[in-house]
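Undergrad: Can you keep this structure in mind? I'll have questions shortly.
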Amino acid sequence: MSRLSALWQKETLALLRDRHGLAALFVMPIIFILVMTMALHDAFMPGAAIDVGYAIVDLDGSPHSQSLIQRLNKAGSFRHVANVANPDDARQAIRDGRYALVLMLPKGFGERLLAPAGADGQPTEPLSLFVDPTLNPALQLAFRTQTNAALGTLRADELTRKAGKLFGLPMAANAPDREWPDEIVSVAVQNDRSIRPPSSVQQNVPAWLVFAMFFVIIPISAILIIERQQGTLQRLAAIGLPFRLVLLGKLLPFFIVNQVQSVLMVGVGMFIVPIFGGEALVMPQGIGLLHWWLVSMAVSLAAVAYALLVASLAKTTQQATIIGGVGNILMGAVGGIMVPKFMMPAAMQTLAEFSPMAWGLQGFHTVMLRHGGFAAILPALLQLLAFAAAALAAAVWLNHRQSA
């Protein structure tokens with residue numbers, strides 16, 4: 001234990017000397033959490049307003065066209081920013097970048113509202129949607145869907161009015177547009193209670209925390225490779241210190257760094273993100289908080305062990321930076337860190353199951369979103385600990401082979 005304590009002290013001093021690398025371990029994930037949480041805020045909130053404006057060209061000017069415009073405004077997903085006088089002005093406004101979408105209601109829209117095209121021998125001019133070609137096709141489709149929904153309710157109300165008039169039913173004169181209540185409500189099913197679906201901050205804080213933990217590969221590799229090049233490892237071996245003890249000496253200081261990262265990133269989610277207009281991170285309480293830190297510790301062990309393996313493989317700090325950096329980016333991209341797993345196609349979701357970062361993120365989400373107990377996070381813990389043990393064993397074997 002005295003030798004191990006001396007190794008811990010040595011690693012702590014070496015780590016504290018690398019102030020720039022140490023700062024990067026904390027500054028980088030904070031920036032990612034703030035930027036990605038705010039950038040994906042609306043993507044994780046169904047029904048949030050889309051920051052895309054549209055204009056209307058109403059060539060009909062009938063009560064029916066005005067009713068359709070009102071229904072579109074009530075939908076609230078897209079912003080009605082202006083009315084345009086004619087189609088030529090609408091096209092020029094799109095070219096100038098003032099609007100991304102312009103909906104044109106043709107003349108005779110109200111008269112032909114319930115007449116299918118060509119059903120009475122007269123053509124029905126369709127609604128025209130002028131779009132900016134750089135606009136995301138998904139947003140174009142979303143606006144078309146919103147317009148079709150508003151048009152459908154307008155036709156349904158008009159059919160109801162005409163049917164009531166035909167059969168002599170009492171109808172209120174100038175009845176306002178009916179407000180239809182939400183008939184579908186999303187409920188996230190959890191182990192003990194149901195709350196709303198996960199938010200952007202609940203995705204990004206644990207995701208970038210996992211990514212930051214694995215980024216200890218840079219300082220660990222730099223320290224180990226410098227010790228190898230300067231002969232420090234050879235001197236330690238000459239006094240009978242086994243390499244596995246050297247690895248254990250590096251494990252604790254960086255494990256503590258990872259736990260400090262956890263506290264700091266959680267604090268950013270709880271107190272800093274709300275300052276920028278995002279939602280505050282809500283941490284589990286009681287035994288749930290213990291389960292959170294169990295996942296955090298398992299992720300840390302896997303990250304440090306992987307870093308030691310890469311440092312044992314690489315001959316120079318440049319090699320370690322390339323191998324470790326590229327490996328982290330690939331594991332993050334595949335594991336649902338950069339792109340949430342539920343947004344991936346089925347094949348990519350299957351591939352994500354092989355990423356250690358995905359195991360850690362899944363463990364955090366099990367605790368935060370499903371309120372899972374120890375049995376629920378046990379598979380993720382076992383995967384991470386098995387990965388850590390395998391990486392440490394491989395690092396020791398590589399060192400023995402190199403020494404031989």
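Just remember, in the structure tokens the first chain shown is A, the second B, etc., residues are 1-based per chain, and ligands are 1-based in the order shown.
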Quick one: contact table of segment 223-322 of chain A to segment 374-392 of chain A, 9 Å max, nearest atom pair and distance in Å to one decimal per residue, counting only C-alpha atoms, chain and number order, as JSON lines?
TA:
{"residue": "A:Arg244", "atom": "CA", "partner": "A:Leu392", "partner_atom": "CA", "distance": 8.3}
{"residue": "A:Leu247", "atom": "CA", "partner": "A:Leu392", "partner_atom": "CA", "distance": 8.0}
{"residue": "A:Gly288", "atom": "CA", "partner": "A:Phe374", "partner_atom": "CA", "distance": 8.9}
{"residue": "A:His291", "atom": "CA", "partner": "A:Phe374", "partner_atom": "CA", "distance": 6.5}
{"residue": "A:Leu294", "atom": "CA", "partner": "A:Leu381", "partner_atom": "CA", "distance": 7.9}
{"residue": "A:Val295", "atom": "CA", "partner": "A:Leu381", "partner_atom": "CA", "distance": 6.5}
{"residue": "A:Ala298", "atom": "CA", "partner": "A:Leu384", "partner_atom": "CA", "distance": 5.9}
{"residue": "A:Val299", "atom": "CA", "partner": "A:Leu384", "partner_atom": "CA", "distance": 6.3}
{"residue": "A:Leu301", "atom": "CA", "partner": "A:Ala388", "partner_atom": "CA", "distance": 6.0}
{"residue": "A:Ala302", "atom": "CA", "partner": "A:Ala388", "partner_atom": "CA", "distance": 4.3}
{"residue": "A:Ala303", "atom": "CA", "partner": "A:Ala388", "partner_atom": "CA", "distance": 7.5}
{"residue": "A:Val304", "atom": "CA", "partner": "A:Ala388", "partner_atom": "CA", "distance": 7.9}
{"residue": "A:Ala305", "atom": "CA", "partner": "A:Ala388", "partner_atom": "CA", "distance": 5.2}
{"residue": "A:Tyr306", "atom": "CA", "partner": "A:Ala391", "partner_atom": "CA", "distance": 5.6}
{"residue": "A:Ala307", "atom": "CA", "partner": "A:Ala391", "partner_atom": "CA", "distance": 8.7}
{"residue": "A:Leu308", "atom": "CA", "partner": "A:Leu392", "partner_atom": "CA", "distance": 7.1}
{"residue": "A:Leu309", "atom": "CA", "partner": "A:Ala391", "partner_atom": "CA", "distance": 5.7}
{"residue": "A:Val310", "atom": "CA", "partner": "A:Ala391", "partner_atom": "CA", "distance": 9.0}
Undergrad: Write out as number ranges by chain which residues come within 6 Å of segment 28-43 of chain A when counting only C-alpha atoms, dropping same-chain ones fewer than 2 positions away.
TA: A: 24, 26, 45, 48, 200-201, 204-205, 208, 212
Undergrad: Pick out each residue of segment 84-118 of chain A that DSSP on the backbone tags as alpha helix (DSSP H); I need them as a VMD selection string.
TA: chain A and resid 87 to 95
Undergrad: If we count only C-alpha atoms and set the cut-off at 9 Å, which residues sit around Ala352 of chain A, ignoring sequence neighbours fewer than 6 positions away in its own chain? Please answer as a list in words.
TA: Met331, Ala333, Val334, Gly335, Gly336, Lys341, Ala358 and Trp359 of chain A
Undergrad: Between atom CA of Phe342 of chain A and atom CA of Gly286 of chain A, what is the distance in Å, rounded to a tenth?
TA: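 Atom CA of Gly286 of chain A lies at a distance of 28.7 Å from atom CA of Phe342 of chain A.
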Undergrad: At a cut-off of 9 Å, using only C-alpha atoms, what residues contact Thr153 of chain A? Leave out same-chain residues fewer than 5 positions from it and give the result as a list in words.
TA: Arg71, Asn148 and Glu158 of chain A
Undergrad: Mind checking which residues fall within 7 Å of Phe364 of chain A, counting only C-alpha atoms, ignoring those fewer than 4 positions away in the same chain, and posting them as a list in words?
TA: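 Non-adjacent residues within range: Pro206, Trp292, Val295, Gly360 and Met368 of chain A.
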